[in-house]
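S.K.: Structure incoming, see below.
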Amino acid sequence: MARIVMKFGGTSVADIARIRNVARHVKREVDAGHEVAVVVSAMAGKTNELVGWTREASPMHDAREYDAVVASGEQVTAGLLAITLQNMGVHARSWQGWQIPIKTDNAHGAARILDIDGAFLIKRFGEGQVAVVAGFQGIGPDNRIATLGRGGSDTSAVAIAAAVKADRCDIYTDVDGVYTTDPRIEPKARRLAKISFEEMLEMASLGAKVLQVRSVELAMVHRVRTFVRSSFDDPDAPGMGDLLNPPGTLICDEEEIVEQQVVTGIAYAKDEAQISLRRVGDRPGVAAGIFGPLAEANINVDMIVQNISEDGKFTDMTFTVPSGDVDKALAVLERLKASIGYDVVQSEAGMSKVSVIGIGMRSHAGVAATAFKALADKSINIRAITTSEIKISILIDGPYTELAVRTLHSVYGLDKQ
Ligand code: ADP
Ligand code: ASP
Ligand code: MG
């Protein structure tokens with residue numbers, strides 16, 4: 001007998017027929033004698049609709065009320081799946097975050113899980129009950145519902161798996177694993193049997209939305225054996241119930257991966273904007289003076305490029321922010337104009353960031369040069385570059401995103417191995 005947490009994303013529970021299919025996956029594990037807890041997302045499109053309504057009601061709204069509204073999508077699916085399971089003869093009960101409780105901090109809209117009462121769920125296992133938990137939500141110190149940021153049900157699932165010391169956490173989605181790049185953009189993308197925690201962390205934070213970043217962090221810290229697999233597979237096909245090697249992609253320690261590639265995957269993030277401050281004073285404290293106030297305004301600054309100043313007096317500072325934050329950032333910079341001292345500020349939205357990821361880069365030279373040449377051959381202009389030990393990120397004009405992803409995917413032979 002094993003203890004398994006199963007998470008089902010929005011497309012997997014998009015309608016009652018799909019919820020029935022999900023229930024068959026759950027029943028398979030229950031019938032095999034395992035202890036099972038389930039985490040569900042809202043039905044596909046539901047959260048977007050709820051978010052849209054909060055914006056329509058008021059563009060600047062109270063984050064606590066945003067949470068009260070958007071957390072409701074998961075409540076519906078948890079109840080519907082519990083009903084469906086009961087109808088199949090499975091002892092199931094739905095639970096919301098506050099009932100367990102899943103305790104979070106006070107950052108409404110992007111809360112972090114602080115603590116989960118594992119004993120509550122373990123008691124349910126003891127009763128032979130399948131707990132169906134509403135993902136994406138918990139309860140804050142203010143005693144109000146808090147949501148975990150978009151894609152947060154992945155994090156609910158991994159955090160619950162850690163709290164109950166589950167043998168496995170299965171993230172069921174609309175693809176059958178983690179691919180070398182988004183299969184919607186590159187049909188030649190290949191499914192990876194395994195990917196290291198570090199690489200998955202980079203893939204997720206650089207745009208691959210298959211897992212929320214925080215879920216990968218938790219899986220890495222708490223050593224949760226996490227699989228990404230498809231809910232659309234026939235629940236009763238051979239091998240589906242394989243305990244150690246289910247179909248899908250295992251997120252694991254790099255030591256577990258025998259055949260290391262130099263490059264493992266390509267990720268992309270659309271809707272980046274570039275902001276440049278021209279003729280900024282080249283003196284100590286200028287960067288702190290710019291990026292401190294932007295951080296205080298909760299603006300996520302990503303790539304930063306500071307030019308070497310020719311005369312030692314002035315420099316140019318360029319950085320990227322999500323397109324949705326441009327107006328907010330420009331307002332902050334306008335307020336700082338006198339204290340920082342710059343000539344003009346220029347901004348351009350509609351950029352994309354494409355990234356090449358692989359732990360093999362640590363020991364291989366020339367990976368970046370290959371990317372630059374491949375993009376040049378396609379006449380794709382590079383606006384900014386950042387690198388770390390295991391990734392290269394390149395800022396380009398948005399319309400070239402798909403071409404850049406496919407070009408990089410092919411130049412590293414990811415479509416062939
Ligand atoms: P869910 O609703 O199940 O949480 P998401 O839409 O959040 O599903 O994530 C799954 C999607 O992630 C896939 O449909 C796919 O288009 C996208 N994706 C992006 N990059 C990758 C990748 N490298 N591997 C697999 N899927 C990816
Ligand atoms: N329903 C939430 C969202 O769409 C959480 C999730 O699906 O993981 O972001
Ligand atoms: Mg998701």
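Identifiers for the structure tokens are assigned positionally: chains receive A, B, ... in sequence, residues are indexed from 1 per chain, and ligands are indexed from 1 in the order shown.
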As JSON, numbers by chain, please: every protein or nucleic acid residue near ligand 3 (cut-off 8 Å, counting only C-alpha atoms and all ligand atoms).
M.R.: {"A": [9, 10, 150, 151, 152, 153, 154, 173, 209, 210, 211, 212]}
S.K.: Let me see the file: selected residues, C-alpha atoms, as a PDB file, in the first residue's frame.
M.R.:
ATOM      1  CA  GLY A   9      -5.845  20.676 -13.497  1.00  0.00           C
ATOM      2  CA  GLY A  10      -8.545  22.784 -15.148  1.00  0.00           C
ATOM      3  CA  ARG A 150      -2.185  31.462 -10.823  1.00  0.00           C
ATOM      4  CA  GLY A 151      -1.405  27.796 -11.257  1.00  0.00           C
ATOM      5  CA  GLY A 152      -1.386  27.444  -7.467  1.00  0.00           C
ATOM      6  CA  SER A 153      -3.183  24.091  -7.288  1.00  0.00           C
ATOM      7  CA  ASP A 154       0.108  22.405  -8.217  1.00  0.00           C
ATOM      8  CA  THR A 173      -2.776  17.613 -16.778  1.00  0.00           C
ATOM      9  CA  LYS A 209       3.435  26.823 -17.060  1.00  0.00           C
ATOM     10  CA  VAL A 210       3.116  23.069 -16.741  1.00  0.00           C
ATOM     11  CA  LEU A 211       4.052  23.408 -13.039  1.00  0.00           C
ATOM     12  CA  GLN A 212       3.844  26.435 -10.753  1.00  0.00           C
TER      13      GLN A 212
END
S.K.: Name the residues, by chain letter and number, that sit within 10 Å of ligand 2 using only C-alpha atoms and all ligand atoms, and give them as a ChimeraX atom specification.
M.R.: /A:7-11,39-51,70-74,134-137,147-157,209-212
S.K.: Those residues you just picked out, can you put them in a file as a CSV table (one decimal), in the first residue's frame with C-alpha atoms?
M.R.:
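Writing done, so here's result.csv:
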chain,number,residue,atom,x,y,z
A,7,LYS,CA,-3.9,16.6,-8.6
A,8,PHE,CA,-6.1,17.4,-11.6
A,9,GLY,CA,-5.8,20.7,-13.5
A,10,GLY,CA,-8.5,22.8,-15.1
A,11,THR,CA,-8.8,21.0,-18.5
A,39,VAL,CA,-6.5,18.1,-5.2
A,40,VAL,CA,-8.5,19.8,-7.9
A,41,SER,CA,-8.4,23.1,-9.9
A,42,ALA,CA,-11.3,25.1,-11.1
A,43,MET,CA,-13.0,24.0,-14.4
A,44,ALA,CA,-11.0,25.3,-17.4
A,45,GLY,CA,-11.6,29.0,-18.0
A,46,LYS,CA,-13.5,29.4,-14.7
A,47,THR,CA,-10.7,31.3,-12.9
A,48,ASN,CA,-10.2,33.6,-15.8
A,49,GLU,CA,-13.9,34.4,-15.8
A,50,LEU,CA,-13.8,35.1,-12.0
A,51,VAL,CA,-10.7,37.3,-12.3
A,70,VAL,CA,-11.6,33.5,-7.4
A,71,ALA,CA,-11.3,30.7,-4.7
A,72,SER,CA,-14.9,29.7,-5.5
A,73,GLY,CA,-14.0,27.9,-8.7
A,74,GLU,CA,-12.1,25.1,-6.8
A,134,ALA,CA,-10.0,22.4,-3.3
A,135,GLY,CA,-6.6,23.5,-4.7
A,136,PHE,CA,-5.2,27.1,-5.0
A,137,GLN,CA,-6.5,28.2,-1.6
A,147,THR,CA,-5.2,32.2,-3.0
A,148,LEU,CA,-1.8,31.0,-4.0
A,149,GLY,CA,-1.3,32.8,-7.4
A,150,ARG,CA,-2.2,31.5,-10.8
A,151,GLY,CA,-1.4,27.8,-11.3
A,152,GLY,CA,-1.4,27.4,-7.5
A,153,SER,CA,-3.2,24.1,-7.3
A,154,ASP,CA,0.1,22.4,-8.2
A,155,THR,CA,1.6,23.9,-5.1
A,156,SER,CA,-1.4,22.8,-3.0
A,157,ALA,CA,-0.8,19.3,-4.1
A,209,LYS,CA,3.4,26.8,-17.1
A,210,VAL,CA,3.1,23.1,-16.7
A,211,LEU,CA,4.1,23.4,-13.0
A,212,GLN,CA,3.8,26.4,-10.8
S.K.: What is the distance between CA of Asp415 (chain A) and CA of Ala189 (chain A), in Å to one decimal?
M.R.: 5.8 Å
S.K.: If you measure from CA of Gly350 (chain A) to CA of Pro187 (chain A), what distance in Å do you get, rounded to one decimal?
M.R.: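 Spanning CA of Gly350 (chain A) to CA of Pro187 (chain A) is a straight-line distance of 24.2 Å.
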S.K.: So that I can check the secondary structure, give me every residue of region 14-203 of chain A assigned helix (DSSP H, G or I) by backbone DSSP, as a ChimeraX atom specification.
M.R.: /A:16-31,46-57,63-70,72-87,97-99,118-126,153-163,197-203
S.K.: Of the candidates A:Glu35, A:Asp15, A:Glu56, A:Glu186, which shows the shortest atom-to-atom distance to ligand 1, using only C-alpha atoms and all ligand atoms?
M.R.: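 For ligand 1, the nearest of the given residues is A:Glu186.
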S.K.: Counting only C-alpha atoms, what is within 8 Å of Thr226 (chain A), bar same-chain residues fewer than 4 positions away, as a ChimeraX atom specification?
M.R.: /A:158,168-171,219,250-252
S.K.: Let me see the file: selected residues, all heavy atoms, as a compact mmCIF listing (two decimals), in the first residue's frame.
M.R.:
# COMPACT_ATOMS: atom_id res chain seq x y z
N VAL A 158 1.57 19.53 -3.99
CA VAL A 158 2.90 19.12 -3.52
C VAL A 158 3.03 19.40 -2.01
O VAL A 158 3.59 18.59 -1.27
CB VAL A 158 4.02 19.83 -4.32
CG1 VAL A 158 5.39 19.49 -3.75
CG2 VAL A 158 3.96 19.45 -5.79
N ARG A 168 4.06 9.51 -3.36
CA ARG A 168 4.09 10.09 -4.71
C ARG A 168 3.10 11.22 -4.81
O ARG A 168 2.05 11.21 -4.15
CB ARG A 168 3.67 9.00 -5.69
CG ARG A 168 4.57 8.83 -6.88
CD ARG A 168 4.16 7.65 -7.71
NE ARG A 168 2.81 7.76 -8.20
CZ ARG A 168 2.05 6.71 -8.51
NH1 ARG A 168 2.52 5.48 -8.37
NH2 ARG A 168 0.84 6.88 -8.96
N CYS A 169 3.40 12.22 -5.63
CA CYS A 169 2.44 13.26 -5.96
C CYS A 169 2.30 13.25 -7.48
O CYS A 169 3.26 13.47 -8.20
CB CYS A 169 2.95 14.62 -5.49
SG CYS A 169 1.79 15.96 -5.85
N ASP A 170 1.10 12.94 -7.96
CA ASP A 170 0.88 12.88 -9.41
C ASP A 170 0.13 14.12 -9.86
O ASP A 170 -0.99 14.38 -9.42
CB ASP A 170 0.04 11.64 -9.76
CG ASP A 170 0.82 10.34 -9.60
OD1 ASP A 170 2.03 10.42 -9.30
OD2 ASP A 170 0.22 9.26 -9.77
N ILE A 171 0.77 14.89 -10.76
CA ILE A 171 0.13 16.09 -11.30
C ILE A 171 -0.46 15.70 -12.65
O ILE A 171 0.28 15.55 -13.64
CB ILE A 171 1.16 17.24 -11.47
CG1 ILE A 171 1.93 17.51 -10.17
CG2 ILE A 171 0.49 18.49 -12.03
CD1 ILE A 171 1.19 18.27 -9.11
N ALA A 219 8.72 20.61 -3.87
CA ALA A 219 9.07 19.22 -4.20
C ALA A 219 10.56 18.99 -3.96
O ALA A 219 10.98 17.95 -3.44
CB ALA A 219 8.70 18.91 -5.64
N LEU A 250 9.09 12.14 -14.40
CA LEU A 250 9.45 12.22 -12.98
C LEU A 250 10.36 13.44 -12.75
O LEU A 250 11.33 13.65 -13.49
CB LEU A 250 10.18 10.94 -12.56
CG LEU A 250 10.81 10.96 -11.15
CD1 LEU A 250 9.72 11.03 -10.07
CD2 LEU A 250 11.67 9.71 -10.93
N ILE A 251 10.01 14.25 -11.75
CA ILE A 251 10.88 15.36 -11.37
C ILE A 251 11.75 14.83 -10.23
O ILE A 251 11.21 14.39 -9.20
CB ILE A 251 10.06 16.59 -10.85
CG1 ILE A 251 8.72 16.74 -11.58
CG2 ILE A 251 10.88 17.87 -10.89
CD1 ILE A 251 8.79 17.12 -13.00
N CYS A 252 13.06 14.84 -10.40
CA CYS A 252 13.90 14.12 -9.43
C CYS A 252 15.28 14.77 -9.29
O CYS A 252 15.61 15.73 -9.95
CB CYS A 252 14.06 12.68 -9.90
SG CYS A 252 14.84 12.54 -11.51
S.K.: Looking only at strand (DSSP E or B) from DSSP on the backbone, list the matching residues of region 36-184 of chain A as an MDAnalysis selection string.
M.R.: chainID A and resid 36:40 92:95 102:104 113:116 130:134 137:139 145:147 168:173 179
S.K.: Keeping N, CA and C atoms for every residue in the selection just given, could you write it to a file as a CSV table (one decimal), in the first residue's frame?
M.R.:
chain,number,residue,atom,x,y,z
A,36,VAL,N,-5.4,7.7,-0.7
A,36,VAL,CA,-5.4,8.7,-1.7
A,36,VAL,C,-6.1,10.0,-1.2
A,37,ALA,N,-5.4,11.1,-1.5
A,37,ALA,CA,-6.0,12.4,-1.4
A,37,ALA,C,-5.9,13.1,-2.7
A,38,VAL,N,-7.0,13.9,-3.1
A,38,VAL,CA,-7.0,14.5,-4.4
A,38,VAL,C,-7.1,16.0,-4.2
A,39,VAL,N,-6.4,16.7,-5.2
A,39,VAL,CA,-6.5,18.1,-5.2
A,39,VAL,C,-7.0,18.5,-6.6
A,40,VAL,N,-8.0,19.4,-6.6
A,40,VAL,CA,-8.5,19.8,-7.9
A,40,VAL,C,-8.4,21.3,-8.1
A,92,ALA,N,-15.9,9.3,-0.4
A,92,ALA,CA,-15.1,10.6,-0.7
A,92,ALA,C,-15.8,11.7,0.0
A,93,ARG,N,-15.1,12.8,0.3
A,93,ARG,CA,-15.6,14.0,0.9
A,93,ARG,C,-14.8,15.2,0.4
A,94,SER,N,-15.5,16.3,0.1
A,94,SER,CA,-14.7,17.5,-0.3
A,94,SER,C,-14.3,18.3,0.9
A,95,TRP,N,-13.2,19.0,0.8
A,95,TRP,CA,-12.7,19.9,1.8
A,95,TRP,C,-12.1,21.2,1.2
A,102,ILE,N,-5.2,24.7,5.6
A,102,ILE,CA,-4.0,25.0,4.9
A,102,ILE,C,-3.7,26.5,5.2
A,103,LYS,N,-2.7,26.7,6.1
A,103,LYS,CA,-2.4,28.0,6.6
A,103,LYS,C,-1.5,28.7,5.6
A,104,THR,N,-1.8,30.0,5.3
A,104,THR,CA,-0.9,30.8,4.4
A,104,THR,C,-0.5,32.1,5.1
A,113,ILE,N,2.1,29.1,1.3
A,113,ILE,CA,1.6,28.1,2.3
A,113,ILE,C,2.6,28.1,3.4
A,114,LEU,N,2.2,28.3,4.7
A,114,LEU,CA,3.1,28.3,5.8
A,114,LEU,C,3.0,26.9,6.5
A,115,ASP,N,1.8,26.3,6.6
A,115,ASP,CA,1.7,25.1,7.3
A,115,ASP,C,0.4,24.4,6.9
A,116,ILE,N,0.5,23.0,6.9
A,116,ILE,CA,-0.7,22.2,6.6
A,116,ILE,C,-0.8,21.2,7.7
A,130,VAL,N,-11.5,9.2,0.8
A,130,VAL,CA,-10.7,10.0,-0.1
A,130,VAL,C,-11.0,11.4,0.1
A,131,ALA,N,-10.0,12.2,0.6
A,131,ALA,CA,-10.3,13.7,0.8
A,131,ALA,C,-10.1,14.4,-0.6
A,132,VAL,N,-11.1,15.1,-1.0
A,132,VAL,CA,-11.0,15.8,-2.3
A,132,VAL,C,-10.8,17.3,-1.9
A,133,VAL,N,-9.6,17.8,-2.0
A,133,VAL,CA,-9.3,19.1,-1.5
A,133,VAL,C,-9.3,20.2,-2.6
A,134,ALA,N,-10.0,21.3,-2.3
A,134,ALA,CA,-10.0,22.4,-3.3
A,134,ALA,C,-8.6,23.0,-3.3
A,137,GLN,N,-6.0,27.4,-2.7
A,137,GLN,CA,-6.5,28.2,-1.6
A,137,GLN,C,-6.1,27.7,-0.2
A,138,GLY,N,-6.1,28.7,0.7
A,138,GLY,CA,-5.8,28.4,2.1
A,138,GLY,C,-6.4,29.5,2.9
A,139,ILE,N,-6.0,29.6,4.2
A,139,ILE,CA,-6.6,30.6,5.1
A,139,ILE,C,-5.4,31.4,5.7
A,145,ILE,N,-10.0,33.7,3.4
A,145,ILE,CA,-9.5,32.8,2.3
A,145,ILE,C,-8.3,33.5,1.6
A,146,ALA,N,-7.3,32.8,1.3
A,146,ALA,CA,-6.2,33.4,0.5
A,146,ALA,C,-5.9,32.5,-0.6
A,147,THR,N,-5.6,33.0,-1.8
A,147,THR,CA,-5.2,32.2,-3.0
A,147,THR,C,-3.7,32.3,-3.2
A,168,ARG,N,4.1,9.5,-3.4
A,168,ARG,CA,4.1,10.1,-4.7
A,168,ARG,C,3.1,11.2,-4.8
A,169,CYS,N,3.4,12.2,-5.6
A,169,CYS,CA,2.4,13.3,-6.0
A,169,CYS,C,2.3,13.3,-7.5
A,170,ASP,N,1.1,12.9,-8.0
A,170,ASP,CA,0.9,12.9,-9.4
A,170,ASP,C,0.1,14.1,-9.9
A,171,ILE,N,0.8,14.9,-10.8
A,171,ILE,CA,0.1,16.1,-11.3
A,171,ILE,C,-0.5,15.7,-12.7
A,172,TYR,N,-1.8,15.5,-12.7
A,172,TYR,CA,-2.4,15.1,-13.9
A,172,TYR,C,-2.8,16.4,-14.7
A,173,THR,N,-2.5,16.4,-16.0
A,173,THR,CA,-2.8,17.6,-16.8
A,173,THR,C,-3.2,17.2,-18.2
A,179,TYR,N,7.8,18.3,-21.5
A,179,TYR,CA,8.4,18.2,-22.8
A,179,TYR,C,9.6,19.1,-22.9
S.K.: Measuring atom to atom with only C-alpha atoms and all ligand atoms, identify which of A:Thr320, A:Ser355, A:Ser388, A:Gln274 is nearest to ligand 1.
M.R.: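 Of A:Thr320, A:Ser355, A:Ser388, A:Gln274, the one nearest ligand 1, counting only C-alpha atoms and all ligand atoms, is A:Ser355.
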S.K.: Tell me which of A:Asn106, A:Gln86, A:Gln99, A:Thr180 sits closest to ligand 1, counting only C-alpha atoms and all ligand atoms.
M.R.: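 For ligand 1, the nearest of the given residues is A:Thr180.
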S.K.: Identify which of the residues A:Ala119, A:Ile396, A:Ala163, A:Ala57 lies closest to Tyr268 (chain A), counting only C-alpha atoms when measuring atom-to-atom distances.
M.R.: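 Looking at the shortest contact to Tyr268 (chain A), the residue is A:Ile396.
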S.K.: For each of A:Asn21, A:Asn307, A:Asn298, A:Ser205, take the minimum atom-to-atom distance to Leu85 (chain A), counting only C-alpha atoms, then give the residue where this is smallest.
M.R.: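 The closest residue to Leu85 (chain A) is A:Asn21.
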S.K.: Identify which of the residues A:Phe314, A:Leu121, A:Gln261, A:Asn143 lies closest to Arg283 (chain A), counting only C-alpha atoms when measuring atom-to-atom distances.
M.R.: A:Phe314
S.K.: Residues within 12 Å of Asp377 (chain A), please, as a VMD selection string. Count only C-alpha atoms; anything in the same chain fewer than 4 positions from it doesn't count.
M.R.: chain A and resid 370 to 373 381 to 382 403 to 404 407 to 408 411
S.K.: What does the structure give for the distance between CA of Thr386 (chain A) and CA of Met303 (chain A), in Å to one decimal?
M.R.: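 Distance reported for this atom pair: 6.6 Å.
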S.K.: Determine, counting only C-alpha atoms, which protein, DNA and RNA residues have an atom within 6 Å of an atom of Val280 (chain A); residues of the same chain fewer than 5 positions away are not included. Present the result as a CSV table (one decimal) with N, CA, C and O atoms, in the first residue's frame.
M.R.:
chain,number,residue,atom,x,y,z
A,314,PHE,N,27.8,59.4,-17.0
A,314,PHE,CA,26.4,59.0,-17.3
A,314,PHE,C,26.4,57.6,-17.8
A,314,PHE,O,27.4,57.1,-18.5
A,315,THR,N,25.3,56.9,-17.6
A,315,THR,CA,25.1,55.6,-18.2
A,315,THR,C,23.7,55.4,-18.6
A,315,THR,O,22.8,56.2,-18.3
A,316,ASP,N,23.4,54.3,-19.3
A,316,ASP,CA,22.0,53.9,-19.6
A,316,ASP,C,21.6,52.7,-18.8
A,316,ASP,O,22.5,51.7,-18.7
A,342,TYR,N,17.8,61.5,-14.5
A,342,TYR,CA,18.0,60.8,-15.8
A,342,TYR,C,17.4,61.8,-16.9
A,342,TYR,O,16.6,62.7,-16.6
